[in-house]
>>> print(open('protein.txt').read())   # compact mmCIF, N, CA and C atoms
# COMPACT_ATOMS: atom_id res chain seq x y z
N PHE V 1 1.38 -64.51 -9.58
CA PHE V 1 0.74 -63.96 -10.77
C PHE V 1 1.65 -64.06 -11.98
N GLU V 2 2.94 -63.99 -11.72
CA GLU V 2 3.90 -64.12 -12.81
C GLU V 2 3.83 -65.51 -13.42
N ALA V 3 3.62 -66.51 -12.58
CA ALA V 3 3.52 -67.89 -13.08
C ALA V 3 2.29 -68.06 -13.98
N ILE V 4 1.19 -67.45 -13.61
CA ILE V 4 -0.01 -67.53 -14.43
C ILE V 4 0.23 -66.83 -15.77
N GLY V 5 0.89 -65.68 -15.72
CA GLY V 5 1.23 -64.98 -16.96
C GLY V 5 2.16 -65.79 -17.84
N GLN V 6 3.15 -66.45 -17.24
CA GLN V 6 4.07 -67.27 -18.02
C GLN V 6 3.37 -68.48 -18.63
N LEU V 7 2.46 -69.09 -17.91
CA LEU V 7 1.69 -70.20 -18.47
C LEU V 7 0.83 -69.75 -19.64
N ALA V 8 0.22 -68.58 -19.50
CA ALA V 8 -0.58 -68.04 -20.61
C ALA V 8 0.31 -67.75 -21.82
N GLY V 9 1.50 -67.21 -21.57
CA GLY V 9 2.43 -66.93 -22.66
C GLY V 9 2.91 -68.19 -23.36
N ALA V 10 3.18 -69.24 -22.59
CA ALA V 10 3.60 -70.51 -23.18
C ALA V 10 2.49 -71.12 -24.03
N PHE V 11 1.25 -71.00 -23.57
CA PHE V 11 0.12 -71.50 -24.34
C PHE V 11 -0.01 -70.74 -25.66
N VAL V 12 0.09 -69.41 -25.60
CA VAL V 12 -0.02 -68.60 -26.81
C VAL V 12 1.15 -68.88 -27.75
N PHE V 13 2.36 -69.04 -27.22
CA PHE V 13 3.52 -69.36 -28.06
C PHE V 13 3.29 -70.66 -28.81
N ASP V 14 2.78 -71.67 -28.13
CA ASP V 14 2.55 -72.96 -28.77
C ASP V 14 1.50 -72.85 -29.86
N ARG V 15 0.49 -72.04 -29.65
CA ARG V 15 -0.61 -71.91 -30.62
C ARG V 15 -0.26 -71.04 -31.82
N THR V 16 0.69 -70.12 -31.67
CA THR V 16 0.95 -69.15 -32.74
C THR V 16 2.24 -69.40 -33.51
N ARG V 17 3.02 -70.41 -33.16
CA ARG V 17 4.25 -70.64 -33.91
C ARG V 17 3.91 -71.22 -35.27
N GLY V 18 4.76 -70.87 -36.23
CA GLY V 18 4.50 -71.34 -37.59
C GLY V 18 5.36 -70.60 -38.59
N ILE V 19 4.78 -70.24 -39.70
CA ILE V 19 5.52 -69.67 -40.83
C ILE V 19 6.13 -68.31 -40.47
N ASN V 20 5.34 -67.40 -39.94
CA ASN V 20 5.86 -66.08 -39.56
C ASN V 20 6.65 -66.21 -38.26
N TRP V 21 7.94 -65.95 -38.32
CA TRP V 21 8.82 -66.18 -37.17
C TRP V 21 8.51 -65.28 -36.00
N TRP V 22 7.94 -64.13 -36.22
CA TRP V 22 7.74 -63.15 -35.15
C TRP V 22 6.43 -63.33 -34.42
N ASN V 23 5.49 -64.09 -34.94
CA ASN V 23 4.18 -64.23 -34.29
C ASN V 23 4.28 -64.81 -32.89
N ALA V 24 4.91 -65.96 -32.77
CA ALA V 24 4.95 -66.65 -31.47
C ALA V 24 5.67 -65.86 -30.38
N PRO V 25 6.88 -65.34 -30.62
CA PRO V 25 7.54 -64.62 -29.52
C PRO V 25 6.84 -63.31 -29.16
N LEU V 26 6.31 -62.61 -30.15
CA LEU V 26 5.67 -61.33 -29.85
C LEU V 26 4.35 -61.54 -29.12
N TYR V 27 3.50 -62.40 -29.63
CA TYR V 27 2.19 -62.59 -29.01
C TYR V 27 2.31 -63.23 -27.63
N SER V 28 3.26 -64.13 -27.45
CA SER V 28 3.41 -64.74 -26.13
C SER V 28 3.97 -63.76 -25.11
N ALA V 29 4.92 -62.92 -25.53
CA ALA V 29 5.47 -61.92 -24.61
C ALA V 29 4.40 -60.90 -24.21
N LEU V 30 3.61 -60.46 -25.18
CA LEU V 30 2.54 -59.51 -24.86
C LEU V 30 1.49 -60.14 -23.95
N THR V 31 1.12 -61.38 -24.24
CA THR V 31 0.11 -62.05 -23.42
C THR V 31 0.60 -62.24 -21.99
N SER V 32 1.80 -62.77 -21.82
CA SER V 32 2.29 -63.02 -20.47
C SER V 32 2.46 -61.72 -19.69
N SER V 33 2.94 -60.69 -20.35
CA SER V 33 3.12 -59.40 -19.66
C SER V 33 1.79 -58.80 -19.24
N PHE V 34 0.84 -58.79 -20.15
CA PHE V 34 -0.44 -58.16 -19.83
C PHE V 34 -1.24 -58.94 -18.80
N VAL V 35 -1.20 -60.26 -18.87
CA VAL V 35 -1.92 -61.07 -17.88
C VAL V 35 -1.32 -60.86 -16.49
N ALA V 36 0.00 -60.93 -16.38
CA ALA V 36 0.65 -60.76 -15.07
C ALA V 36 0.46 -59.35 -14.54
N THR V 37 0.56 -58.34 -15.41
CA THR V 37 0.38 -56.95 -14.99
C THR V 37 -1.04 -56.71 -14.49
N PHE V 38 -2.02 -57.18 -15.25
CA PHE V 38 -3.41 -56.96 -14.86
C PHE V 38 -3.72 -57.65 -13.54
N LEU V 39 -3.31 -58.90 -13.40
CA LEU V 39 -3.59 -59.62 -12.15
C LEU V 39 -2.91 -58.96 -10.96
N PHE V 40 -1.65 -58.56 -11.12
CA PHE V 40 -0.92 -57.95 -10.01
C PHE V 40 -1.58 -56.65 -9.56
N TYR V 41 -1.84 -55.75 -10.48
CA TYR V 41 -2.36 -54.44 -10.09
C TYR V 41 -3.78 -54.53 -9.54
N VAL V 42 -4.60 -55.40 -10.09
CA VAL V 42 -5.97 -55.52 -9.58
C VAL V 42 -5.96 -56.06 -8.16
N VAL V 43 -5.14 -57.06 -7.89
CA VAL V 43 -5.10 -57.64 -6.55
C VAL V 43 -4.37 -56.72 -5.57
N ALA V 44 -3.28 -56.13 -5.99
CA ALA V 44 -2.47 -55.31 -5.08
C ALA V 44 -3.18 -54.02 -4.67
N TYR V 45 -3.93 -53.43 -5.59
CA TYR V 45 -4.55 -52.14 -5.30
C TYR V 45 -6.06 -52.20 -5.17
N ALA V 46 -6.60 -53.36 -4.90
CA ALA V 46 -8.05 -53.50 -4.73
C ALA V 46 -8.52 -52.68 -3.54
N GLY V 47 -9.57 -51.91 -3.74
CA GLY V 47 -10.15 -51.11 -2.67
C GLY V 47 -9.48 -49.77 -2.46
N THR V 48 -8.56 -49.36 -3.30
CA THR V 48 -7.91 -48.07 -3.16
C THR V 48 -8.39 -47.13 -4.27
N ASP V 49 -7.81 -45.94 -4.30
CA ASP V 49 -8.17 -44.99 -5.35
C ASP V 49 -7.77 -45.53 -6.71
N TRP V 50 -8.31 -44.95 -7.76
CA TRP V 50 -8.09 -45.43 -9.12
C TRP V 50 -6.80 -44.89 -9.74
N ILE V 51 -5.94 -44.25 -8.94
CA ILE V 51 -4.68 -43.71 -9.46
C ILE V 51 -3.76 -44.83 -9.95
N TRP V 52 -3.93 -46.03 -9.45
CA TRP V 52 -3.08 -47.15 -9.85
C TRP V 52 -3.28 -47.53 -11.31
N LEU V 53 -4.39 -47.13 -11.91
CA LEU V 53 -4.59 -47.42 -13.33
C LEU V 53 -3.52 -46.74 -14.19
N ASN V 54 -3.07 -45.55 -13.76
CA ASN V 54 -1.99 -44.87 -14.47
C ASN V 54 -0.70 -45.67 -14.37
N HIS V 55 -0.39 -46.16 -13.19
CA HIS V 55 0.81 -46.97 -12.99
C HIS V 55 0.74 -48.26 -13.81
N MET V 56 -0.44 -48.86 -13.84
CA MET V 56 -0.61 -50.09 -14.59
C MET V 56 -0.44 -49.86 -16.08
N SER V 57 -0.98 -48.75 -16.59
CA SER V 57 -0.86 -48.49 -18.02
C SER V 57 0.58 -48.18 -18.42
N VAL V 58 1.32 -47.47 -17.56
CA VAL V 58 2.74 -47.21 -17.86
C VAL V 58 3.53 -48.52 -17.83
N ASP V 59 3.27 -49.35 -16.84
CA ASP V 59 3.94 -50.64 -16.74
C ASP V 59 3.65 -51.50 -17.97
N ALA V 60 2.39 -51.56 -18.39
CA ALA V 60 2.02 -52.34 -19.56
C ALA V 60 2.66 -51.76 -20.83
N GLY V 61 2.75 -50.44 -20.92
CA GLY V 61 3.39 -49.82 -22.08
C GLY V 61 4.88 -50.14 -22.17
N VAL V 62 5.56 -50.11 -21.04
CA VAL V 62 6.99 -50.45 -21.02
C VAL V 62 7.19 -51.91 -21.40
N LYS V 63 6.34 -52.78 -20.88
CA LYS V 63 6.47 -54.20 -21.21
C LYS V 63 6.15 -54.46 -22.67
N ALA V 64 5.20 -53.75 -23.24
CA ALA V 64 4.89 -53.90 -24.66
C ALA V 64 6.05 -53.41 -25.52
N ALA V 65 6.66 -52.29 -25.14
CA ALA V 65 7.82 -51.79 -25.88
C ALA V 65 8.98 -52.78 -25.82
N MET V 66 9.19 -53.39 -24.67
CA MET V 66 10.25 -54.38 -24.54
C MET V 66 9.95 -55.64 -25.36
N SER V 67 8.68 -55.99 -25.46
CA SER V 67 8.31 -57.15 -26.27
C SER V 67 8.69 -56.93 -27.73
N PHE V 68 8.45 -55.71 -28.23
CA PHE V 68 8.83 -55.39 -29.60
C PHE V 68 10.35 -55.29 -29.74
N ALA V 69 11.01 -54.68 -28.77
CA ALA V 69 12.46 -54.48 -28.86
C ALA V 69 13.21 -55.82 -28.80
N LEU V 70 12.69 -56.77 -28.05
CA LEU V 70 13.37 -58.05 -27.92
C LEU V 70 13.17 -58.97 -29.12
N LEU V 71 12.41 -58.52 -30.11
CA LEU V 71 12.32 -59.28 -31.34
C LEU V 71 13.63 -59.24 -32.11
N VAL V 72 14.42 -58.18 -31.93
CA VAL V 72 15.69 -58.05 -32.65
C VAL V 72 16.67 -59.15 -32.24
N PRO V 73 16.96 -59.36 -30.94
CA PRO V 73 17.85 -60.47 -30.60
C PRO V 73 17.27 -61.83 -30.98
N TYR V 74 15.95 -61.96 -30.88
CA TYR V 74 15.33 -63.22 -31.28
C TYR V 74 15.57 -63.48 -32.76
N MET V 75 15.44 -62.43 -33.58
CA MET V 75 15.68 -62.57 -35.01
C MET V 75 17.12 -62.96 -35.29
N LEU V 76 18.06 -62.35 -34.56
CA LEU V 76 19.47 -62.66 -34.77
C LEU V 76 19.83 -64.07 -34.33
N LEU V 77 19.20 -64.56 -33.28
CA LEU V 77 19.49 -65.90 -32.79
C LEU V 77 18.84 -67.01 -33.62
N ARG V 78 17.86 -66.66 -34.43
CA ARG V 78 17.21 -67.67 -35.26
C ARG V 78 18.17 -68.33 -36.23
N HIS V 79 19.16 -67.59 -36.71
CA HIS V 79 20.10 -68.14 -37.68
C HIS V 79 21.16 -69.01 -37.01
N ILE V 80 21.36 -68.82 -35.72
CA ILE V 80 22.35 -69.61 -34.99
C ILE V 80 21.72 -70.88 -34.45
N ILE V 81 20.53 -70.75 -33.87
CA ILE V 81 19.83 -71.89 -33.25
C ILE V 81 18.59 -72.16 -34.07
N ARG V 82 18.66 -73.13 -34.93
CA ARG V 82 17.52 -73.46 -35.79
C ARG V 82 16.57 -74.42 -35.06
N PRO V 83 15.24 -74.25 -35.28
CA PRO V 83 14.28 -75.16 -34.66
C PRO V 83 14.34 -76.54 -35.30
N LEU V 84 13.95 -77.52 -34.55
CA LEU V 84 13.90 -78.88 -35.06
C LEU V 84 12.74 -79.05 -36.03
N GLY V 85 12.90 -79.93 -36.98
CA GLY V 85 11.84 -80.18 -37.94
C GLY V 85 10.62 -80.79 -37.29
N GLY V 86 9.45 -80.43 -37.79
CA GLY V 86 8.21 -80.97 -37.26
C GLY V 86 7.61 -80.18 -36.13
N PHE V 87 8.28 -79.14 -35.67
CA PHE V 87 7.74 -78.33 -34.59
C PHE V 87 7.16 -77.01 -35.10
N GLY V 88 6.97 -76.85 -36.39
CA GLY V 88 6.38 -75.64 -36.95
C GLY V 88 7.33 -74.46 -36.93
N GLY V 89 8.61 -74.69 -36.95
CA GLY V 89 9.59 -73.61 -36.89
C GLY V 89 9.60 -72.75 -38.12
N TYR V 90 10.07 -73.31 -39.24
CA TYR V 90 9.98 -72.62 -40.52
C TYR V 90 10.17 -73.56 -41.65
>>> encode(input="protein.txt", output="C-alpha cells")
Amino acid sequence: FEAIGQLAGAFVFDRTRGINWWNAPLYSALTSSFVATFLFYVVAYAGTDWIWLNHMSVDAGVKAAMSFALLVPYMLLRHIIRPLGGFGGY
C-alpha cells in the first residue's frame, strides 16, 4: 500500500511543480500519506468494529503535520540544490 501511495505522490508532485515552490512537495506528501493510510486501515481492519477510524484519523493527522513541518528543510535545501532549467523549478 505504501508503494501505491508513493506512486500517487510522485504523480501529484509532477503535476503541481511550478512557480510556487511549496505546492509540489506539500501536495505530494499529503496525497501519498493519505492514500497509503486509507488503503492500509481499510484493508487491515475490514470486518471489525469502527474504532479503527479513530486510529486512522490520528495517523493521518500526524502525517499531515509532518508534511507541513518538512517544508522547512525543503525550503532551506532549495538554495543549495537548484532545479535544472526546463523542469518547472522556478
>>> closest_residue(input="protein.txt", among="V:Arg17, V:Val58, V:Ile4, V:Ala65", to="Ser32 (chain V)", atoms="all atoms listed in the file")
V:Ile4
>>> closest_residue(input="protein.txt", among="V:Ala3, V:Ala64, V:Ile19, V:Ile80", to="Phe40 (chain V)", atoms="only C-alpha atoms")
V:Ala3
>>> closest_residue(input="protein.txt", among="V:Met66, V:Val43, V:Leu71, V:Leu77", to="Ala24 (chain V)", atoms="only C-alpha atoms")
V:Leu71
>>> atom_distance(input="protein.txt", atom1="CA of Leu53 (chain V)", atom2="CA of Phe34 (chain V)")
13.2 Å
>>> closest_residue(input="protein.txt", among="V:Trp50, V:Phe1, V:Tyr74, V:Phe13", to="Ala29 (chain V)", atoms="only C-alpha atoms")
V:Phe13
>>> atom_distance(input="protein.txt", atom1="atom C of Thr31 (chain V)", atom2="atom C of His79 (chain V)")
26.3 Å
